[in-house]
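Reproduced below: input_24.txt, with compact mmCIF, C-alpha atoms.
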```
# COMPACT_ATOMS: atom_id res chain seq x y z
CA GLN A 26 98.80 98.22 90.64
CA VAL A 27 96.45 95.58 91.98
CA GLN A 28 94.69 96.63 95.12
CA LEU A 29 92.34 94.82 97.47
CA VAL A 30 90.56 96.89 100.09
CA GLU A 31 88.68 95.37 102.99
CA SER A 32 85.99 97.21 104.90
CA GLY A 33 83.16 96.51 107.30
CA GLY A 34 85.07 95.54 110.39
CA GLY A 35 84.25 96.92 113.79
CA LEU A 36 83.22 96.18 117.34
CA VAL A 37 80.22 93.94 117.91
CA GLN A 38 78.80 92.02 120.84
CA ALA A 39 78.88 88.25 120.94
CA GLY A 40 75.99 86.85 118.94
CA GLY A 41 75.97 89.81 116.60
CA SER A 42 76.66 90.07 112.89
CA LEU A 43 78.98 91.93 110.56
CA ARG A 44 79.49 91.97 106.82
CA LEU A 45 82.98 92.43 105.47
CA SER A 46 83.64 93.61 101.94
CA CYS A 47 86.68 93.14 99.75
CA ALA A 48 86.81 95.48 96.77
CA ALA A 49 89.32 95.07 93.98
CA SER A 50 90.94 97.49 91.61
CA LYS A 51 93.15 96.62 88.63
CA LEU A 52 91.97 93.05 89.06
CA THR A 53 88.81 91.35 87.83
CA LEU A 54 87.62 89.38 90.83
CA GLU A 55 85.57 86.92 88.79
CA SER A 56 88.84 85.63 87.33
CA TYR A 57 90.42 85.01 90.70
CA SER A 58 89.76 82.74 93.60
CA ILE A 59 89.31 84.88 96.68
CA ALA A 60 89.94 83.83 100.25
CA TRP A 61 89.44 85.34 103.64
CA PHE A 62 92.05 84.75 106.32
CA ARG A 63 92.25 86.09 109.83
CA GLN A 64 95.00 86.62 112.30
CA SER A 65 95.02 87.54 115.95
CA PRO A 66 98.11 88.45 117.98
CA GLY A 67 100.41 85.54 118.62
CA LYS A 68 98.52 83.20 116.32
CA GLU A 69 99.09 81.94 112.82
CA ARG A 70 97.08 83.30 109.93
CA GLU A 71 93.96 81.15 109.77
CA PHE A 72 91.89 80.18 106.75
CA VAL A 73 88.31 81.41 107.03
CA SER A 74 86.68 80.92 103.66
CA ALA A 75 87.26 80.91 99.92
CA ILE A 76 85.35 81.15 96.69
CA ARG A 77 86.66 79.47 93.56
CA TRP A 78 86.57 81.61 90.46
CA THR A 79 85.73 78.85 88.00
CA ASP A 80 82.44 77.75 89.48
CA GLY A 81 81.70 79.97 92.47
CA ASP A 82 82.00 77.09 94.94
CA THR A 83 82.63 78.23 98.47
CA TYR A 84 84.64 76.62 101.25
CA TYR A 85 84.82 77.35 104.95
CA GLY A 86 87.09 76.68 107.84
CA ASP A 87 85.73 74.39 110.54
CA SER A 88 85.49 77.17 113.10
CA VAL A 89 83.20 79.33 110.96
CA ARG A 90 81.21 76.85 108.90
CA GLY A 91 77.49 77.39 109.37
CA ARG A 92 77.98 80.92 110.73
CA PHE A 93 79.81 82.71 107.90
CA THR A 94 78.76 83.01 104.27
CA MET A 95 80.93 84.19 101.42
CA SER A 96 79.53 85.69 98.22
CA ARG A 97 80.72 87.58 95.19
CA ASP A 98 79.28 90.44 93.14
CA ASN A 99 81.16 90.35 89.87
CA ALA A 100 79.56 93.55 88.61
CA LYS A 101 81.03 95.42 91.57
CA ASP A 102 84.29 93.46 91.71
CA THR A 103 83.51 92.90 95.36
CA VAL A 104 83.47 89.86 97.59
CA TYR A 105 81.57 89.71 100.85
CA LEU A 106 81.88 87.77 104.07
CA GLN A 107 78.64 87.75 106.04
CA MET A 108 79.34 86.78 109.62
CA HIS A 109 76.62 85.74 112.04
CA SER A 110 76.62 84.44 115.61
CA LEU A 111 79.96 86.04 116.23
CA LYS A 112 82.04 84.82 119.13
CA PRO A 113 84.88 86.48 121.05
CA GLU A 114 87.26 83.97 119.45
CA ASP A 115 86.38 85.47 116.06
CA THR A 116 88.26 88.59 117.08
CA ALA A 117 91.09 89.14 114.60
CA VAL A 118 92.28 91.17 111.66
CA TYR A 119 90.54 89.83 108.58
CA TYR A 120 92.32 89.85 105.24
CA CYS A 121 91.11 89.07 101.76
CA ALA A 122 93.48 87.60 99.22
CA ALA A 123 93.36 86.76 95.52
CA ASP A 124 94.98 84.09 93.39
CA ARG A 125 94.24 82.17 90.21
CA THR A 126 94.40 78.76 91.89
CA ILE A 127 91.38 76.46 91.68
CA PHE A 128 92.50 73.85 94.20
CA ILE A 129 90.85 74.19 97.59
CA SER A 130 93.66 72.36 99.38
CA ILE A 131 95.99 75.10 98.20
CA MET A 132 93.52 77.91 98.84
CA LYS A 133 93.55 77.04 102.53
CA LYS A 134 97.21 78.03 102.73
CA TRP A 135 97.87 81.74 103.01
CA GLN A 136 101.23 81.33 101.27
CA THR A 137 99.35 80.54 98.04
CA PHE A 138 98.03 84.04 97.53
CA ASP A 139 99.76 86.76 95.58
CA TYR A 140 97.51 89.71 96.33
CA TRP A 141 96.42 90.90 99.75
CA GLY A 142 94.38 93.63 101.30
CA GLN A 143 95.50 95.67 104.28
CA GLY A 144 93.08 93.97 106.65
CA THR A 145 90.11 95.08 108.71
CA GLN A 146 89.79 94.62 112.47
CA VAL A 147 86.88 92.64 113.86
CA THR A 148 86.43 92.72 117.61
CA VAL A 149 83.75 90.66 119.33
CA SER A 150 83.06 91.51 122.94
CA SER A 151 81.70 88.97 125.40
```
Output the file's structure in the form of structure tokens.
Amino acid sequence: QVQLVESGGGLVQAGGSLRLSCAASKLTLESYSIAWFRQSPGKEREFVSAIRWTDGDTYYGDSVRGRFTMSRDNAKDTVYLQMHSLKPEDTAVYYCAADRTIFISIMKKWQTFDYWGQGTQVTVSS
């Protein structure tokens, strides 16, 4: 059974940094496009970033571009989301998701993804 497991969330002050990890089992991450989404109470699930499996290109949502960086370690079947200059509005549960799609327009939609992790809470205090 495919499993994605996020880790690295926690409580951090505004301006701080965190690195989230998404580890896969029964799935070779280098053959899947991986995305990060986030969701806070009462809000829709929001696209954060994605990495395309064919060429490693990365894409970011407007609210995180320039502050967050996504990377992939194929040897470890793990994807990372390095988050800097965190803001209180970054507070959310962060999910990683996997799919074979290569089209960024589709990757920005959470409905595209077949496999999901359980999420990790990120809380940024002001």
Contacts of stretch 87-118 of chain A with stretch 134-147 of chain A up to 7 Å, shortest pair per row, all atoms listed in the file, as JSON lines:
```
{"residue": "A:Thr116", "atom": "CA", "partner": "A:Val147", "partner_atom": "CA", "distance": 5.4}
{"residue": "A:Ala117", "atom": "CA", "partner": "A:Val147", "partner_atom": "CA", "distance": 5.5}
{"residue": "A:Val118", "atom": "CA", "partner": "A:Gln146", "partner_atom": "CA", "distance": 4.3}
```
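We find atom CA of A:Asp80 and atom CA of A:Ser42 to be spaced 27.1 Å apart.
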Report as CSV: every residue of stretch 61-132 of chain A with an atom at most 12 Å from stretch 26-38 of chain A, its closest pair of atoms, and their distance in Å to one decimal, counting all atoms listed in the file, with rows sorted by chain and ascending residue number.
```
residue,atom,partner,partner_atom,distance
A:Trp61,CA,A:Glu31,CA,10.1
A:Phe62,CA,A:Glu31,CA,11.6
A:Arg63,CA,A:Gly34,CA,11.9
A:Asp102,CA,A:Leu29,CA,10.0
A:Thr103,CA,A:Leu29,CA,9.3
A:Val104,CA,A:Glu31,CA,9.3
A:Tyr105,CA,A:Glu31,CA,9.3
A:Leu106,CA,A:Gly33,CA,9.4
A:Gln107,CA,A:Gly33,CA,9.9
A:Met108,CA,A:Gly34,CA,10.5
A:His109,CA,A:Val37,CA,10.7
A:Ser110,CA,A:Gln38,CA,9.5
A:Leu111,CA,A:Gln38,CA,7.6
A:Lys112,CA,A:Gln38,CA,8.1
A:Pro113,CA,A:Gln38,CA,8.2
A:Glu114,CA,A:Gln38,CA,11.8
A:Asp115,CA,A:Val37,CA,10.6
A:Thr116,CA,A:Leu36,CA,9.1
A:Ala117,CA,A:Gly34,CA,9.7
A:Val118,CA,A:Gly34,CA,8.5
A:Tyr119,CA,A:Glu31,CA,8.1
A:Tyr120,CA,A:Glu31,CA,7.0
A:Cys121,CA,A:Glu31,CA,6.9
A:Ala122,CA,A:Leu29,CA,7.5
A:Ala123,CA,A:Leu29,CA,8.4
A:Asp124,CA,A:Val27,CA,11.7
```
Just-selected residues, C-alpha atoms written as a JSON list (two decimals), in the frame of the given file:
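Output file selection_20.json is given in full below:
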```json
[["chain", "number", "residue", "atom", "x", "y", "z"],
["A", 61, "TRP", "CA", 89.44, 85.34, 103.64],
["A", 62, "PHE", "CA", 92.05, 84.75, 106.32],
["A", 63, "ARG", "CA", 92.25, 86.09, 109.83],
["A", 102, "ASP", "CA", 84.29, 93.46, 91.71],
["A", 103, "THR", "CA", 83.51, 92.90, 95.36],
["A", 104, "VAL", "CA", 83.47, 89.86, 97.59],
["A", 105, "TYR", "CA", 81.57, 89.71, 100.85],
["A", 106, "LEU", "CA", 81.88, 87.77, 104.07],
["A", 107, "GLN", "CA", 78.64, 87.75, 106.04],
["A", 108, "MET", "CA", 79.34, 86.78, 109.62],
["A", 109, "HIS", "CA", 76.62, 85.74, 112.04],
["A", 110, "SER", "CA", 76.62, 84.44, 115.61],
["A", 111, "LEU", "CA", 79.96, 86.04, 116.23],
["A", 112, "LYS", "CA", 82.04, 84.82, 119.13],
["A", 113, "PRO", "CA", 84.88, 86.48, 121.05],
["A", 114, "GLU", "CA", 87.26, 83.97, 119.45],
["A", 115, "ASP", "CA", 86.38, 85.47, 116.06],
["A", 116, "THR", "CA", 88.26, 88.59, 117.08],
["A", 117, "ALA", "CA", 91.09, 89.14, 114.60],
["A", 118, "VAL", "CA", 92.28, 91.17, 111.66],
["A", 119, "TYR", "CA", 90.54, 89.83, 108.58],
["A", 120, "TYR", "CA", 92.32, 89.85, 105.24],
["A", 121, "CYS", "CA", 91.11, 89.07, 101.76],
["A", 122, "ALA", "CA", 93.48, 87.60, 99.22],
["A", 123, "ALA", "CA", 93.36, 86.76, 95.52],
["A", 124, "ASP", "CA", 94.98, 84.09, 93.39]]
```
Between atom CA of A:Arg70 and atom CA of A:Ser58, what is the spacing in Å?
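According to the coordinates, atom CA of A:Ser58 and atom CA of A:Arg70 are separated by 17.9 Å.
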Given the choices A:Asp87, A:Val73, A:Glu55, A:Ser151, which gets closest to A:Gly40 if the distance is worked out from all atoms listed in the file?
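When distances to A:Gly40 are compared using all atoms listed in the file, the smallest one comes from A:Ser151.
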Quote the spacing between atom CA of A:Leu52 and atom CA of A:Asn99 in Å to one decimal place.
11.2 Å
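Residues lying within 8 Å of A:Arg125, counting all atoms listed in the file and ignoring same-chain neighbours fewer than 5 positions away, are A:Ser56, A:Tyr57, A:Ser58, A:Trp78.
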As AutoDock Vina command-line options, please: the centre and edge lengths in Å, to one decimal, of an axis-aligned box enclosing every listed atom of stretch 76-79 of chain A with 8 Å added on each side.
```
--center_x 86.0 --center_y 80.2 --center_z 92.3 --size_x 17.3 --size_y 18.8 --size_z 24.7
```
